[in-house]
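Colleague: Structure file data34.pdb (PDB, C-alpha atoms) is given on the next line.
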ATOM      1  CA  MET A  25     -14.910   1.012 -10.103
ATOM      2  CA  ARG A  26     -18.589   1.970  -9.818
ATOM      3  CA  LYS A  27     -18.228   2.426  -6.089
ATOM      4  CA  GLU A  28     -15.313   4.808  -6.484
ATOM      5  CA  GLU A  29     -17.209   6.913  -8.987
ATOM      6  CA  TYR A  30     -20.130   7.006  -6.605
ATOM      7  CA  GLN A  31     -17.859   7.968  -3.739
ATOM      8  CA  LYS A  32     -16.412  10.789  -5.819
ATOM      9  CA  LEU A  33     -19.886  12.020  -6.653
ATOM     10  CA  VAL A  34     -20.866  11.914  -3.005
ATOM     11  CA  SER A  35     -17.796  13.762  -1.803
ATOM     12  CA  GLU A  36     -18.414  16.477  -4.380
ATOM     13  CA  TYR A  37     -21.819  17.222  -2.912
ATOM     14  CA  THR A  38     -21.027  16.812   0.783
ATOM     15  CA  PRO A  39     -20.445  19.851   3.015
ATOM     16  CA  LYS A  40     -17.033  20.686   4.450
ATOM     17  CA  GLU A  41     -17.502  19.064   7.867
ATOM     18  CA  ASN A  42     -17.691  15.697   6.138
ATOM     19  CA  LYS A  43     -14.283  16.219   4.589
ATOM     20  CA  TRP A  44     -12.819  16.760   8.035
ATOM     21  CA  LYS A  45     -14.713  13.755   9.321
ATOM     22  CA  ASN A  46     -13.280  11.645   6.488
ATOM     23  CA  ALA A  47      -9.771  12.902   7.209
ATOM     24  CA  VAL A  48     -10.079  12.187  10.931
ATOM     25  CA  ILE A  49     -11.424   8.687  10.234
ATOM     26  CA  ALA A  50      -8.539   8.087   7.812
ATOM     27  CA  PHE A  51      -6.082   9.295  10.467
ATOM     28  CA  LEU A  52      -7.539   7.062  13.178
ATOM     29  CA  VAL A  53      -7.936   3.937  11.036
ATOM     30  CA  GLY A  54      -4.572   4.408   9.307
ATOM     31  CA  GLY A  55      -2.948   5.005  12.663
ATOM     32  CA  LEU A  56      -4.579   1.890  14.052
ATOM     33  CA  VAL A  57      -3.185  -0.179  11.158
ATOM     34  CA  GLY A  58       0.308   1.162  11.887
ATOM     35  CA  PHE A  59      -0.158   0.585  15.623
ATOM     36  CA  LEU A  60      -1.364  -3.004  15.139
ATOM     37  CA  GLY A  61       1.542  -3.546  12.737
ATOM     38  CA  GLN A  62       3.942  -2.422  15.438
ATOM     39  CA  VAL A  63       2.259  -4.736  17.953
ATOM     40  CA  ILE A  64       2.644  -7.690  15.558
ATOM     41  CA  VAL A  65       6.300  -6.758  14.962
ATOM     42  CA  ALA A  66       6.891  -6.587  18.742
ATOM     43  CA  ILE A  67       5.287 -10.016  19.200
ATOM     44  CA  LEU A  68       7.398 -11.518  16.398
ATOM     45  CA  GLN A  69      10.546  -9.961  17.877
ATOM     46  CA  ASN A  70       9.912 -11.025  21.448
ATOM     47  CA  SER A  71       8.274 -14.431  21.008
ATOM     48  CA  PHE A  72      10.078 -15.651  17.886
ATOM     49  CA  GLY A  73      13.386 -13.825  18.359
ATOM     50  CA  MET A  74      13.249 -12.191  14.924
ATOM     51  CA  GLU A  75      15.355  -9.274  13.711
ATOM     52  CA  THR A  76      13.425  -6.070  12.991
ATOM     53  CA  THR A  77      13.714  -6.411   9.196
ATOM     54  CA  GLU A  78      12.564 -10.036   9.272
ATOM     55  CA  ALA A  79       9.641  -9.159  11.537
ATOM     56  CA  CYS A  80       8.626  -6.311   9.178
ATOM     57  CA  SER A  81       8.751  -8.714   6.226
ATOM     58  CA  TRP A  82       6.464 -11.148   8.034
ATOM     59  CA  LEU A  83       4.187  -8.257   8.948
ATOM     60  CA  CYS A  84       3.964  -7.348   5.258
ATOM     61  CA  VAL A  85       2.872 -10.918   4.380
ATOM     62  CA  ILE A  86       0.424 -11.045   7.301
ATOM     63  CA  MET A  87      -1.168  -7.704   6.305
ATOM     64  CA  ILE A  88      -1.484  -8.820   2.670
ATOM     65  CA  PHE A  89      -3.021 -12.129   3.732
ATOM     66  CA  LEU A  90      -5.554 -10.534   6.092
ATOM     67  CA  ALA A  91      -6.570  -7.853   3.584
ATOM     68  CA  SER A  92      -6.891 -10.394   0.755
ATOM     69  CA  LEU A  93      -8.942 -12.734   2.917
ATOM     70  CA  ALA A  94     -11.242  -9.902   4.017
ATOM     71  CA  THR A  95     -11.635  -8.943   0.345
ATOM     72  CA  ALA A  96     -12.451 -12.515  -0.701
ATOM     73  CA  LEU A  97     -14.985 -12.828   2.116
ATOM     74  CA  GLY A  98     -16.601  -9.580   0.971
ATOM     75  CA  PHE A  99     -15.929  -7.408   4.032
ATOM     76  CA  PHE A 100     -13.151  -5.231   2.750
ATOM     77  CA  ASP A 101     -15.131  -3.219   0.197
ATOM     78  CA  ASN A 102     -17.461  -1.973   2.923
ATOM     79  CA  TRP A 103     -14.559  -1.189   5.221
ATOM     80  CA  VAL A 104     -12.771   0.818   2.520
ATOM     81  CA  THR A 105     -15.953   2.743   1.752
ATOM     82  CA  LYS A 106     -16.160   3.725   5.423
ATOM     83  CA  CYS A 107     -12.479   4.119   6.327
ATOM     84  CA  LYS A 108     -11.144   5.285   2.932
ATOM     85  CA  ALA A 109      -7.475   6.285   2.955
ATOM     86  CA  GLY A 110      -6.992   4.624   6.340
ATOM     87  CA  LEU A 111      -7.222   1.261   4.605
ATOM     88  CA  PHE A 112      -6.221   1.844   0.996
ATOM     89  CA  LEU A 113      -2.933   3.637   1.710
ATOM     90  CA  PRO A 114      -1.315   0.860   3.764
ATOM     91  CA  THR A 115      -0.198  -2.352   1.999
ATOM     92  CA  THR A 116      -3.709  -3.633   2.671
ATOM     93  CA  GLY A 117      -4.942  -1.454  -0.215
ATOM     94  CA  PHE A 118      -2.474  -3.046  -2.622
ATOM     95  CA  ALA A 119      -3.568  -6.536  -1.560
ATOM     96  CA  HIS A 120      -7.207  -5.482  -1.847
ATOM     97  CA  SER A 121      -6.796  -4.172  -5.394
ATOM     98  CA  VAL A 122      -5.056  -7.361  -6.584
ATOM     99  CA  THR A 123      -7.512  -9.718  -4.893
ATOM    100  CA  SER A 124     -10.644  -7.858  -5.946
ATOM    101  CA  ALA A 125      -9.467  -7.782  -9.583
ATOM    102  CA  ALA A 126      -8.657 -11.505  -9.404
ATOM    103  CA  LEU A 127     -12.101 -12.311  -7.980
ATOM    104  CA  ASP A 128     -14.032 -10.041 -10.341
ATOM    105  CA  TYR A 129     -12.392 -11.078 -13.628
ATOM    106  CA  ARG A 130     -12.106 -14.817 -12.981
ATOM    107  CA  LYS A 131     -15.521 -15.310 -14.590
ATOM    108  CA  ASP A 132     -14.015 -14.169 -17.927
ATOM    109  CA  GLY A 133     -11.639 -17.134 -17.930
ATOM    110  CA  PHE A 134      -8.205 -17.939 -16.583
ATOM    111  CA  ILE A 135      -6.228 -16.286 -19.386
ATOM    112  CA  THR A 136      -8.507 -13.610 -20.830
ATOM    113  CA  GLY A 137      -9.999 -12.708 -17.454
ATOM    114  CA  LEU A 138      -7.942 -13.554 -14.387
ATOM    115  CA  GLY A 139      -4.609 -13.422 -16.204
ATOM    116  CA  SER A 140      -5.008 -10.279 -18.259
ATOM    117  CA  SER A 141      -6.871  -8.254 -15.635
ATOM    118  CA  PHE A 142      -4.939  -9.397 -12.580
ATOM    119  CA  PHE A 143      -2.986  -6.130 -12.317
ATOM    120  CA  LYS A 144      -5.760  -3.921 -13.656
ATOM    121  CA  LEU A 145      -5.906  -1.899 -10.419
ATOM    122  CA  ALA A 146      -2.510  -2.603  -8.845
ATOM    123  CA  GLY A 147      -0.603  -2.182 -12.116
ATOM    124  CA  SER A 148      -0.222   1.585 -11.783
ATOM    125  CA  VAL A 149       1.386   1.208  -8.357
ATOM    126  CA  ILE A 150       3.929  -1.271  -9.736
ATOM    127  CA  LEU A 151       4.535   0.709 -12.950
ATOM    128  CA  TYR A 152       5.086   4.105 -11.360
ATOM    129  CA  GLY A 153       6.947   2.535  -8.441
ATOM    130  CA  ILE A 154       9.420   0.882 -10.808
ATOM    131  CA  ILE A 155       9.767   3.943 -13.054
ATOM    132  CA  SER A 156      10.345   6.375 -10.190
ATOM    133  CA  GLY A 157      12.524   3.910  -8.249
ATOM    134  CA  PHE A 158      14.673   3.157 -11.290
ATOM    135  CA  PHE A 159      15.371   6.744 -12.345
ATOM    136  CA  LEU A 160      15.828   7.980  -8.774
ATOM    137  CA  ALA A 161      18.244   5.084  -8.139
ATOM    138  CA  ILE A 162      20.292   6.181 -11.187
ATOM    139  CA  LEU A 163      20.253   9.750  -9.885
ATOM    140  CA  GLY A 164      21.102   8.476  -6.406
ATOM    141  CA  VAL A 165      24.218   6.540  -7.438
ATOM    142  CA  ILE A 166      25.369   9.507  -9.541
ATOM    143  CA  ILE A 167      24.944  11.999  -6.699
ATOM    144  CA  TYR A 168      25.750   9.917  -3.609
ATOM    145  CA  GLY A 169      28.110   7.460  -5.353
TER     146      GLY A 169
ATOM    147  CA  MET B   2       7.237   5.234  22.519
ATOM    148  CA  ILE B   3       7.409   3.384  19.222
ATOM    149  CA  PHE B   4       3.755   2.239  19.316
ATOM    150  CA  ILE B   5       2.487   5.818  19.478
ATOM    151  CA  ASN B   6       4.980   6.891  16.796
ATOM    152  CA  ALA B   7       3.754   4.056  14.558
ATOM    153  CA  PHE B   8       0.191   5.298  15.057
ATOM    154  CA  LEU B   9       1.174   8.892  14.275
ATOM    155  CA  ILE B  10       3.221   8.187  11.125
ATOM    156  CA  SER B  11       0.724   5.798   9.580
ATOM    157  CA  GLY B  12      -2.202   7.996  10.591
ATOM    158  CA  LEU B  13      -0.579  11.154   9.261
ATOM    159  CA  PHE B  14       0.076   9.649   5.816
ATOM    160  CA  CYS B  15      -3.504   8.381   5.605
ATOM    161  CA  PHE B  16      -4.789  11.776   6.775
ATOM    162  CA  VAL B  17      -2.864  13.591   4.022
ATOM    163  CA  ALA B  18      -4.033  11.051   1.438
ATOM    164  CA  GLN B  19      -7.650  11.551   2.495
ATOM    165  CA  VAL B  20      -7.369  15.344   2.380
ATOM    166  CA  ILE B  21      -5.879  15.157  -1.137
ATOM    167  CA  MET B  22      -8.607  12.770  -2.263
ATOM    168  CA  ASP B  23     -11.459  14.851  -0.857
ATOM    169  CA  ASN B  24     -10.220  18.124  -2.331
ATOM    170  CA  THR B  25      -9.293  16.888  -5.800
ATOM    171  CA  LYS B  26     -10.825  14.577  -8.361
ATOM    172  CA  LEU B  27      -8.151  11.925  -7.789
ATOM    173  CA  THR B  28      -9.228   8.308  -7.188
ATOM    174  CA  PRO B  29      -7.626   5.861  -4.700
ATOM    175  CA  GLY B  30      -5.644   4.514  -7.677
ATOM    176  CA  HIS B  31      -4.111   7.954  -8.258
ATOM    177  CA  ILE B  32      -3.370   8.454  -4.570
ATOM    178  CA  THR B  33      -1.641   5.095  -4.047
ATOM    179  CA  SER B  34       0.511   5.625  -7.162
ATOM    180  CA  LEU B  35       1.346   9.126  -5.917
ATOM    181  CA  PHE B  36       2.396   7.830  -2.507
ATOM    182  CA  VAL B  37       4.570   5.091  -3.993
ATOM    183  CA  VAL B  38       6.443   7.748  -5.978
ATOM    184  CA  LEU B  39       6.567   9.905  -2.833
ATOM    185  CA  GLY B  40       8.104   6.971  -0.949
ATOM    186  CA  ALA B  41      10.832   6.645  -3.589
ATOM    187  CA  ILE B  42      11.484  10.411  -3.441
ATOM    188  CA  LEU B  43      11.670  10.404   0.382
ATOM    189  CA  SER B  44      14.026   7.446   0.147
ATOM    190  CA  PHE B  45      16.157   9.349  -2.388
ATOM    191  CA  PHE B  46      16.568  12.218   0.077
ATOM    192  CA  GLY B  47      17.415   9.743   2.843
ATOM    193  CA  LEU B  48      14.244  10.558   4.781
ATOM    194  CA  TYR B  49      12.392   7.249   4.578
ATOM    195  CA  PRO B  50      14.920   5.303   6.716
ATOM    196  CA  LYS B  51      14.454   8.026   9.341
ATOM    197  CA  LEU B  52      10.677   7.598   9.141
ATOM    198  CA  ILE B  53      11.112   3.851   9.723
ATOM    199  CA  GLU B  54      13.503   4.510  12.594
ATOM    200  CA  PHE B  55      10.943   6.845  14.151
ATOM    201  CA  GLY B  56       7.684   5.081  13.354
ATOM    202  CA  GLY B  57       8.734   1.431  12.962
ATOM    203  CA  ALA B  58       5.957  -0.634  11.437
ATOM    204  CA  GLY B  59       3.889   2.538  11.060
ATOM    205  CA  ALA B  60       6.177   3.450   8.161
ATOM    206  CA  THR B  61       6.702  -0.057   6.753
ATOM    207  CA  VAL B  62       2.998  -0.915   6.410
ATOM    208  CA  LEU B  63       2.408   2.058   4.099
ATOM    209  CA  ILE B  64       2.386   1.677   0.324
ATOM    210  CA  SER B  65       5.142   4.333   0.270
ATOM    211  CA  ASN B  66       7.451   1.682   1.716
ATOM    212  CA  PHE B  67       7.128  -0.075  -1.660
ATOM    213  CA  GLY B  68       8.747   2.925  -3.372
ATOM    214  CA  HIS B  69      11.415   3.017  -0.663
ATOM    215  CA  MET B  70      12.233  -0.680  -1.162
ATOM    216  CA  LEU B  71      12.429  -0.240  -4.940
ATOM    217  CA  TYR B  72      14.847   2.672  -4.617
ATOM    218  CA  THR B  73      17.077   0.983  -2.012
ATOM    219  CA  GLY B  74      16.970  -2.278  -3.994
ATOM    220  CA  GLY B  75      18.209  -0.480  -7.111
ATOM    221  CA  VAL B  76      21.000   1.322  -5.251
ATOM    222  CA  ALA B  77      22.061  -1.862  -3.404
ATOM    223  CA  GLY B  78      22.101  -3.735  -6.732
ATOM    224  CA  PHE B  79      24.363  -1.079  -8.235
ATOM    225  CA  HIS B  80      26.844  -1.411  -5.363
ATOM    226  CA  GLU B  81      26.873  -5.192  -5.721
ATOM    227  CA  VAL B  82      27.160  -5.798  -9.452
ATOM    228  CA  GLY B  83      27.454  -2.370 -11.072
ATOM    229  CA  ILE B  84      25.268  -0.743 -13.689
ATOM    230  CA  LEU B  85      23.156  -3.839 -14.431
ATOM    231  CA  GLY B  86      22.422  -4.106 -10.731
ATOM    232  CA  LEU B  87      20.140  -1.070 -11.049
ATOM    233  CA  ALA B  88      17.723  -3.292 -12.958
ATOM    234  CA  SER B  89      18.482  -6.684 -11.410
ATOM    235  CA  GLY B  90      18.388  -5.365  -7.852
ATOM    236  CA  LEU B  91      15.408  -3.036  -8.175
ATOM    237  CA  LEU B  92      12.751  -5.618  -7.338
ATOM    238  CA  THR B  93      14.733  -7.760  -4.884
ATOM    239  CA  LYS B  94      13.366  -6.144  -1.714
ATOM    240  CA  SER B  95       9.836  -5.571  -2.952
ATOM    241  CA  SER B  96       9.609  -9.068  -4.436
ATOM    242  CA  LEU B  97       8.192 -10.271  -1.125
ATOM    243  CA  ALA B  98       5.184  -7.945  -1.298
ATOM    244  CA  ILE B  99       4.474  -8.545  -4.994
ATOM    245  CA  VAL B 100       4.870 -12.339  -4.937
ATOM    246  CA  SER B 101       2.897 -12.844  -1.728
ATOM    247  CA  ALA B 102       0.089 -10.581  -2.960
ATOM    248  CA  VAL B 103      -0.024 -12.417  -6.312
ATOM    249  CA  VAL B 104       0.051 -15.922  -4.818
ATOM    250  CA  ILE B 105      -2.493 -15.167  -2.095
ATOM    251  CA  ALA B 106      -4.847 -13.345  -4.489
ATOM    252  CA  PHE B 107      -4.627 -16.183  -7.044
ATOM    253  CA  VAL B 108      -5.327 -18.925  -4.524
ATOM    254  CA  LEU B 109      -8.217 -16.960  -3.004
ATOM    255  CA  ALA B 110      -9.660 -16.327  -6.488
ATOM    256  CA  LEU B 111      -9.720 -20.104  -7.009
ATOM    257  CA  ILE B 112     -11.582 -20.684  -3.748
ATOM    258  CA  PHE B 113     -13.964 -17.726  -3.430
ATOM    259  CA  ARG B 114     -16.556 -16.060  -5.659
ATOM    260  CA  PRO B 115     -17.172 -12.266  -5.704
ATOM    261  CA  LYS B 116     -19.833 -11.379  -3.160
ATOM    262  CA  ASN B 117     -21.760  -8.681  -5.045
TER     263      ASN B 117
END
Mind turning this structure into structure tokens?
Modeller:
Amino acid sequence: MRKEEYQKLVSEYTPKENKWKNAVIAFLVGGLVGFLGQVIVAILQNSFGMETTEACSWLCVIMIFLASLATALGFFDNWVTKCKAGLFLPTTGFAHSVTSAALDYRKDGFITGLGSSFFKLAGSVILYGIISGFFLAILGVIIYG
Amino acid sequence: MIFINAFLISGLFCFVAQVIMDNTKLTPGHITSLFVVLGAILSFFGLYPKLIEFGGAGATVLISNFGHMLYTGGVAGFHEVGILGLASGLLTKSSLAIVSAVVIAFVLALIFRPKN
């Protein structure tokens, strides 16, 4: 959390060119993640004969695994600081938030630390995802039948 | 060319997210939550399947895809078992992402120590 606050402070005092630089970096890195994802999907489809949906599901697991591993090894925090939205907006960001909370709070014990703080960062994504998905699905079946 | 489209879609979403973050006081936590809700809204208007058709994995790797899967899971559940299906089906498609993230994070937390 400290790092984010620091980042916010920095971005408040940086001139406008830096904002554009950040946005371009986010575009390039985010694009690269999507591109690599597509490459992995193509490999899974061609070499393993998977359907598109199955390949995308495997891609999701692969991305989560890689991001979690990079977080556990200590690389990912630096990468996110540099690449920002390019890495936290894809599924990698979700995996990063779960893994970093798990690593950080484990010292407080398995129940009071790891267990209760596991979703400290990723919880809002799940909560607002479920709330919006649920009510929009109700609206959807009413309108579209 | 689907590879270029994947790059463009994924890059564009990240670009917008970065612009929002740099020009407001929102944190990455706010932005990811916002984009999950946006994914559900795009799915509601039938736009997210088109994004996936156009950008392939570029659209499915985004956190917005989580909102899309929740919405489609809820609707599919309703068509299968009726009103209760809205709740029982909601998480079916996104279960993969949640369970794999939880299991992987837990196992890694047992093995590794925080580096800072």
Colleague: Tell me, as a list of chain:residue names, which residues lie within 12 Å of Phe113 in chain B, counting all atoms listed in the file; anything in the same chain fewer than 3 positions away does not count.
Modeller: A:Ser92, A:Leu93, A:Ala94, A:Thr95, A:Ala96, A:Leu97, A:Gly98, A:Thr123, A:Ser124, A:Ala126, A:Leu127, A:Asp128, A:Arg130, A:Lys131, B:Ile105, B:Ala106, B:Phe107, B:Val108, B:Leu109, B:Ala110, B:Lys116
Colleague: Convert the output of the ChimeraX specification (/A :<6) & /B on the shown file into explicit residues, formatted as a PyMOL selection string.
Modeller: chain B and resi 4+7-9+11-13+15-16+19-20+34+37-38+41+58-59+62-64+68+71-72+75-76+102+106+110+115-116
Colleague: CA of Leu87 in chain B and CA of Leu39 in chain B, how far apart in Å?
Modeller: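 Calculated distance between CA of Leu39 in chain B and CA of Leu87 in chain B is 19.3 Å.
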Colleague: Which distance in Å separates CA of Asn102 in chain A and CA of Tyr30 in chain A, to one decimal?
Modeller: 13.4 Å
Colleague: One decimal, in Å: what's the spacing between CA of Phe46 in chain B and CA of Leu91 in chain B?
Modeller: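 Separation between CA of Phe46 in chain B and CA of Leu91 in chain B: 17.4 Å.
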